[in-house]
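The structure appears below as structure tokens.
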Amino acid sequence: HSVVKHDIVREYLSRYVHVLMSNYLMDKLVLSIVDGFAGGGEYVGSSGEFVHGSPQIVIDALAEQEVLLNVGREKPRKLDVRYYFVEKMASSLQYLNALLTSRYGSNRIGQDIVTLQGTFQKNFDAIRADIKKRGRGDRAIFLLDQYAWDQVPGALLKEIFDTVRGAEVILTFGVDSLISFLSDNEQSRRKMEGMGFADHIDWKSLEELRGAPGSAWRAAIQRNLADALIRASGAQHSTIFYITPQGDTPWTYWLVHLSNNYKARDVMMNIHWGKSNQFSHY
């Protein structure tokens with residue numbers, strides 16, 4: 001699942017730059033990339049090899065785009081990007097710092113490459129303040145690759161869109177992990193209230209469908225959850241990729257793109273259709 005997700009992120013960043021810099025008179029793009037669950041920067045692939053994680057992927061993808069922008073030009077065009085890599089585990093952050101220093105040089109750490117320990121929620125206020133200091137429309141892409149589904153509540157998504165004018169979010173959401181636990185009981189309702197979803201779920205209809213043959217119940221709860229997530233976020237536009245990993249735990253998760261810009265949604269939809277053979281939908 002990481003391969004598919006990283007392909008989408010890499011391709012979207014490429015198209016993002018292409019669209020915004022399509023005006024040849026524009027000589028600089030100020031952009032912030034916030035990786036809220038950065039990990040150690042690489043992971044061990046299925047064959048035992050080291051594979052780039054999201055921190056290396058986003059830095060390399062945007063460095064490549066800056067080179068392509070300047071092919072055949074005398075006056076240089078610049079991507080002024082600042083990267084924020086947030087990681088909760090101290091050992092993973094230590095590994096990430098060593099990796100980024102080795103690959104990109106110690107002079108960039110703390111300058112355009114910022115690493116922060118702790119949860120994304122706790123670091124959000126400081127990151128937002130720094131993004132706003134940079135100006136140019138608060139253009140920022142938040143990569144929120146949470147482990148399951150409950151680390152990025154709807155209220156936090158809404159705060160992002162209410163306070164960061166040019167924000168977009170690419171969010172991982174473990175929908176099958178949630179569905180396996182969800183039913184009309186006090187625990188589920190309390191959890192959904194904490195996420196800001198409870199008012200958007202038709203609990204009565206879902207319980208009536210639970211015993212239905214086939215996938216009717218699963219399809220209905222996915223529709224409810226998708227609607228709840230989008231409404232709680234306050235984002236005007238959305239695209240949801242349904243990704244089912246191979247392996248021992250093939251639980252479907254969503255890769256959700258949220259934005260307030262129609263063109264951004266259009267670009268992501270084109271990627272969605274181009275990769276539709278890798279996704280499943282109810």
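Every chain in the structure tokens takes a letter, A first, then B, and so on in the order presented; its residues are numbered from 1, and the ligands are numbered from 1 following the presented order.
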**OP:** Within 7 Å of region 89-97 of chain A, counting only C-alpha atoms, which residues show up once you throw out same-chain ones fewer than 2 positions away? Write them as number ranges by chain, please.
**Re:** A: 39-41, 87, 99-101, 117
**OP:** Apply DSSP to the structure's backbone, then extract all residues of region 34-171 of chain A labelled strand (DSSP E or B) and return them as JSON, numbers by chain.
**Re:** {"A": [34, 35, 42, 43, 44, 50, 51, 52, 78, 79, 80, 81, 82, 83, 84, 85, 86, 87, 109, 113, 114, 115, 116, 117, 139, 140, 141, 142, 143, 144, 166, 167, 168, 169, 170, 171]}
With N, CA and C atoms kept, could you save the residues just selected as a short mmCIF file (atom, residue, chain, number, x, y, z; two decimals), in the first residue's frame?
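This is the output file result.cif:
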```cif
data_model
loop_
_atom_site.label_atom_id
_atom_site.label_comp_id
_atom_site.auth_asym_id
_atom_site.auth_seq_id
_atom_site.Cartn_x
_atom_site.Cartn_y
_atom_site.Cartn_z
N VAL A 34 3.98 19.64 4.81
CA VAL A 34 3.92 19.21 6.20
C VAL A 34 3.64 17.71 6.23
N ASP A 35 4.63 16.93 6.66
CA ASP A 35 4.49 15.48 6.78
C ASP A 35 4.26 15.20 8.26
N GLU A 42 12.70 6.05 5.66
CA GLU A 42 12.81 4.92 4.74
C GLU A 42 12.28 3.69 5.46
N TYR A 43 12.00 2.64 4.68
CA TYR A 43 11.51 1.40 5.27
C TYR A 43 12.04 0.22 4.48
N VAL A 44 11.91 -0.96 5.04
CA VAL A 44 12.40 -2.17 4.38
C VAL A 44 11.31 -2.72 3.48
N PHE A 50 16.09 -1.33 1.16
CA PHE A 50 15.61 -0.08 1.75
C PHE A 50 14.87 0.73 0.68
N VAL A 51 13.69 1.23 1.05
CA VAL A 51 12.84 1.98 0.14
C VAL A 51 12.62 3.37 0.72
N HIS A 52 12.63 4.39 -0.15
CA HIS A 52 12.41 5.76 0.32
C HIS A 52 11.02 5.91 0.93
N LYS A 78 12.35 29.53 -9.19
CA LYS A 78 12.67 28.89 -7.91
C LYS A 78 11.43 28.31 -7.24
N LEU A 79 11.60 27.10 -6.68
CA LEU A 79 10.63 26.55 -5.77
C LEU A 79 11.14 26.78 -4.35
N ASP A 80 10.51 27.70 -3.66
CA ASP A 80 10.91 28.04 -2.29
C ASP A 80 10.08 27.17 -1.36
N VAL A 81 10.58 25.97 -1.09
CA VAL A 81 9.83 24.97 -0.33
C VAL A 81 10.44 24.82 1.07
N ARG A 82 9.57 24.78 2.06
CA ARG A 82 10.01 24.41 3.41
C ARG A 82 9.28 23.14 3.80
N TYR A 83 10.05 22.18 4.31
CA TYR A 83 9.53 20.87 4.68
C TYR A 83 9.47 20.76 6.21
N TYR A 84 8.34 20.31 6.71
CA TYR A 84 8.17 20.07 8.14
C TYR A 84 7.91 18.58 8.33
N PHE A 85 8.82 17.89 8.98
CA PHE A 85 8.68 16.46 9.21
C PHE A 85 8.44 16.23 10.70
N VAL A 86 7.24 15.74 11.03
CA VAL A 86 6.83 15.55 12.42
C VAL A 86 6.82 14.05 12.71
N GLU A 87 7.46 13.65 13.80
CA GLU A 87 7.49 12.24 14.17
C GLU A 87 7.39 12.11 15.68
N ILE A 109 19.27 21.31 7.51
CA ILE A 109 18.49 20.93 8.68
C ILE A 109 18.25 22.17 9.55
N ILE A 113 14.58 22.36 5.82
CA ILE A 113 14.14 21.05 6.31
C ILE A 113 14.05 21.13 7.84
N VAL A 114 12.82 21.07 8.34
CA VAL A 114 12.57 21.21 9.78
C VAL A 114 12.01 19.89 10.30
N THR A 115 12.65 19.34 11.34
CA THR A 115 12.15 18.12 11.96
C THR A 115 11.65 18.44 13.36
N LEU A 116 10.53 17.82 13.73
CA LEU A 116 9.88 18.13 15.00
C LEU A 116 9.43 16.83 15.68
N GLN A 117 9.71 16.71 16.97
CA GLN A 117 9.27 15.52 17.70
C GLN A 117 7.92 15.80 18.35
N ARG A 139 0.26 28.66 0.82
CA ARG A 139 0.18 27.40 0.07
C ARG A 139 0.88 26.29 0.85
N ALA A 140 0.12 25.26 1.20
CA ALA A 140 0.67 24.19 2.02
C ALA A 140 -0.05 22.88 1.70
N ILE A 141 0.72 21.81 1.62
CA ILE A 141 0.16 20.47 1.45
C ILE A 141 0.49 19.67 2.71
N PHE A 142 -0.56 19.18 3.36
CA PHE A 142 -0.41 18.40 4.59
C PHE A 142 -0.53 16.91 4.24
N LEU A 143 0.54 16.16 4.45
CA LEU A 143 0.53 14.72 4.24
C LEU A 143 0.32 14.07 5.61
N LEU A 144 -0.86 13.53 5.83
CA LEU A 144 -1.23 13.01 7.16
C LEU A 144 -1.46 11.51 7.06
N GLY A 166 -4.42 28.45 1.78
CA GLY A 166 -4.10 27.65 0.60
C GLY A 166 -3.83 26.19 0.91
N ALA A 167 -4.46 25.66 1.96
CA ALA A 167 -4.17 24.30 2.42
C ALA A 167 -4.80 23.23 1.54
N GLU A 168 -4.11 22.11 1.43
CA GLU A 168 -4.64 20.87 0.90
C GLU A 168 -4.19 19.76 1.85
N VAL A 169 -4.99 18.72 1.95
CA VAL A 169 -4.68 17.60 2.84
C VAL A 169 -4.74 16.30 2.05
N ILE A 170 -3.72 15.47 2.21
CA ILE A 170 -3.74 14.09 1.71
C ILE A 170 -3.67 13.20 2.95
N LEU A 171 -4.78 12.52 3.24
CA LEU A 171 -4.98 11.84 4.51
C LEU A 171 -5.17 10.34 4.30
#
```
**OP:** Would you list the contacts of Asn224 (chain A) as a list in words, taking every protein, DNA or RNA residue within 9 Å and counting only C-alpha atoms, but skipping same-chain residues closer than 3 positions in sequence?
**Re:** His200, Ile201, Asp202, Ala219, Ala220, Ile221, Asp227, Ala228 and Leu229 of chain A
Please dump the current selection as a PDB file, in the first residue's frame; keep N, CA, C and O atoms.
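Listed below is the output, selection38.pdb:
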```pdb
ATOM      1  N   HIS A 200     -23.334  12.743  11.512  1.00  0.00           N
ATOM      2  CA  HIS A 200     -23.456  12.471  10.075  1.00  0.00           C
ATOM      3  C   HIS A 200     -23.676  10.989   9.783  1.00  0.00           C
ATOM      4  O   HIS A 200     -23.712  10.594   8.619  1.00  0.00           O
ATOM      5  N   ILE A 201     -23.800  10.171  10.825  1.00  0.00           N
ATOM      6  CA  ILE A 201     -23.975   8.732  10.637  1.00  0.00           C
ATOM      7  C   ILE A 201     -25.426   8.359  10.918  1.00  0.00           C
ATOM      8  O   ILE A 201     -25.986   8.713  11.956  1.00  0.00           O
ATOM      9  N   ASP A 202     -26.027   7.616   9.990  1.00  0.00           N
ATOM     10  CA  ASP A 202     -27.413   7.156  10.135  1.00  0.00           C
ATOM     11  C   ASP A 202     -27.378   5.823  10.895  1.00  0.00           C
ATOM     12  O   ASP A 202     -27.414   4.746  10.308  1.00  0.00           O
ATOM     13  N   ALA A 219     -21.057  -1.287   2.329  1.00  0.00           N
ATOM     14  CA  ALA A 219     -21.175  -0.173   1.384  1.00  0.00           C
ATOM     15  C   ALA A 219     -21.850   1.022   2.043  1.00  0.00           C
ATOM     16  O   ALA A 219     -21.432   2.172   1.872  1.00  0.00           O
ATOM     17  N   ALA A 220     -22.905   0.759   2.825  1.00  0.00           N
ATOM     18  CA  ALA A 220     -23.641   1.850   3.469  1.00  0.00           C
ATOM     19  C   ALA A 220     -22.787   2.573   4.499  1.00  0.00           C
ATOM     20  O   ALA A 220     -22.789   3.804   4.559  1.00  0.00           O
ATOM     21  N   ILE A 221     -22.055   1.824   5.322  1.00  0.00           N
ATOM     22  CA  ILE A 221     -21.242   2.478   6.341  1.00  0.00           C
ATOM     23  C   ILE A 221     -20.095   3.249   5.700  1.00  0.00           C
ATOM     24  O   ILE A 221     -19.712   4.319   6.173  1.00  0.00           O
ATOM     25  N   ASP A 227     -19.033  10.627   3.909  1.00  0.00           N
ATOM     26  CA  ASP A 227     -19.782  11.873   4.045  1.00  0.00           C
ATOM     27  C   ASP A 227     -19.429  12.579   5.353  1.00  0.00           C
ATOM     28  O   ASP A 227     -19.243  13.800   5.383  1.00  0.00           O
ATOM     29  N   ALA A 228     -19.293  11.805   6.441  1.00  0.00           N
ATOM     30  CA  ALA A 228     -18.960  12.386   7.738  1.00  0.00           C
ATOM     31  C   ALA A 228     -17.578  13.033   7.714  1.00  0.00           C
ATOM     32  O   ALA A 228     -17.390  14.145   8.226  1.00  0.00           O
ATOM     33  N   LEU A 229     -16.607  12.350   7.136  1.00  0.00           N
ATOM     34  CA  LEU A 229     -15.244  12.875   7.073  1.00  0.00           C
ATOM     35  C   LEU A 229     -15.187  14.177   6.285  1.00  0.00           C
ATOM     36  O   LEU A 229     -14.586  15.170   6.728  1.00  0.00           O
TER      37      LEU A 229
END
```
Original post:
Using the chain letters and numbers from this document, which residues of region 56-210 of chain A does DSSP assign to helix (DSSP H, G or I), as number ranges by chain?
Top reply: A: 56-69, 90-104, 106-108, 120-134, 136-138, 154-163, 175-179, 186-195, 198-200, 203-209
For the contact check between region 183-248 of chain A and region 256-268 of chain A, emit one row per residue of region 183-248 of chain A within 9 Å, containing the shortest atom pair and the distance in Å rounded to one decimal, counting only C-alpha atoms, chain then rising number order, as a Markdown table.
```
| residue | atom | partner | partner_atom | distance |
| --- | --- | --- | --- | --- |
| A:Ile230 | CA | A:Leu258 | CA | 7.8 |
| A:Ser233 | CA | A:Leu258 | CA | 8.2 |
| A:Gly234 | CA | A:Asn260 | CA | 8.8 |
| A:Ala235 | CA | A:Ser259 | CA | 5.5 |
| A:Gln236 | CA | A:Asn260 | CA | 4.9 |
| A:His237 | CA | A:Ser259 | CA | 5.3 |
| A:Ser238 | CA | A:Leu258 | CA | 4.6 |
| A:Thr239 | CA | A:His257 | CA | 5.1 |
| A:Ile240 | CA | A:Val256 | CA | 4.5 |
| A:Phe241 | CA | A:Val256 | CA | 6.3 |
| A:Tyr242 | CA | A:Val256 | CA | 8.7 |
```
Subject >> For Gln111 (chain A), the nearest of the candidates A:Ile271, A:Ala155, A:Ala226, A:Asp130, counting only C-alpha atoms >> reply: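 When distances to Gln111 (chain A) are compared using only C-alpha atoms, the smallest one comes from A:Asp130.
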Subject >> Best match for closeness to Val152 (chain A) among A:Tyr16, A:Trp251, A:Phe37, A:Trp203, counting only C-alpha atoms >> reply: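 Between A:Tyr16, A:Trp251, A:Phe37, A:Trp203, the residue approaching Val152 (chain A) most closely is A:Phe37.
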Subject >> Test item: residues at most 8 Å from His6 (chain A), only C-alpha atoms, excluding those fewer than 6 positions along its chain, as a PyMOL selection string >> reply: chain A and resi 53-54+57
Save the residues we just selected, N, CA, C and O atoms, as a JSON list (two decimals), in the first residue's frame?
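Final file, result_12.json:
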```
[["chain", "number", "residue", "atom", "x", "y", "z"],
["A", 53, "GLY", "N", 10.96, 6.56, 2.09],
["A", 53, "GLY", "CA", 9.69, 6.94, 2.68],
["A", 53, "GLY", "C", 9.29, 8.32, 2.20],
["A", 53, "GLY", "O", 9.97, 8.96, 1.39],
["A", 54, "SER", "N", 8.20, 8.83, 2.75],
["A", 54, "SER", "CA", 7.65, 10.10, 2.25],
["A", 54, "SER", "C", 8.60, 11.29, 2.39],
["A", 54, "SER", "O", 8.62, 12.15, 1.49],
["A", 57, "ILE", "N", 10.86, 11.16, -0.60],
["A", 57, "ILE", "CA", 10.07, 11.24, -1.83],
["A", 57, "ILE", "C", 9.66, 12.68, -2.13],
["A", 57, "ILE", "O", 9.81, 13.14, -3.27]]
```
**OP:** Give me, please, the distance in Å between CA of Glu74 (chain A) and CA of Asp60 (chain A), quoted to one decimal.
**Re:**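 Between CA of Glu74 (chain A) and CA of Asp60 (chain A) the gap is 23.1 Å.
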Subject >> Å distance separating CA of Ala129 (chain A) from CA of Glu159 (chain A), one decimal place >> reply: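 CA of Glu159 (chain A) lies at a distance of 13.0 Å from CA of Ala129 (chain A).
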Subject >> Atomic distance CA of Asp184 (chain A) - CA of Asp248 (chain A), expressed in Å with one decimal >> reply: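 Those two atoms sit 28.6 Å apart.
If only C-alpha atoms are the atoms counted, then among A:Ile160, A:Leu62, A:Leu225, A:Val17 the closest residue to Phe197 (chain A) is A:Leu225.
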**OP:** Determine the nearest neighbour of Val175 (chain A) from the options A:Arg218, A:Lys75, A:Lys191, A:Lys275, counting only C-alpha atoms.
**Re:** A:Arg218
Subject >> Nearest-residue call for Ala148 (chain A), choices A:Leu178, A:Ile59, A:Asp125, A:Met195, using only C-alpha atoms >> reply: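 The closest residue to Ala148 (chain A) is A:Leu178.
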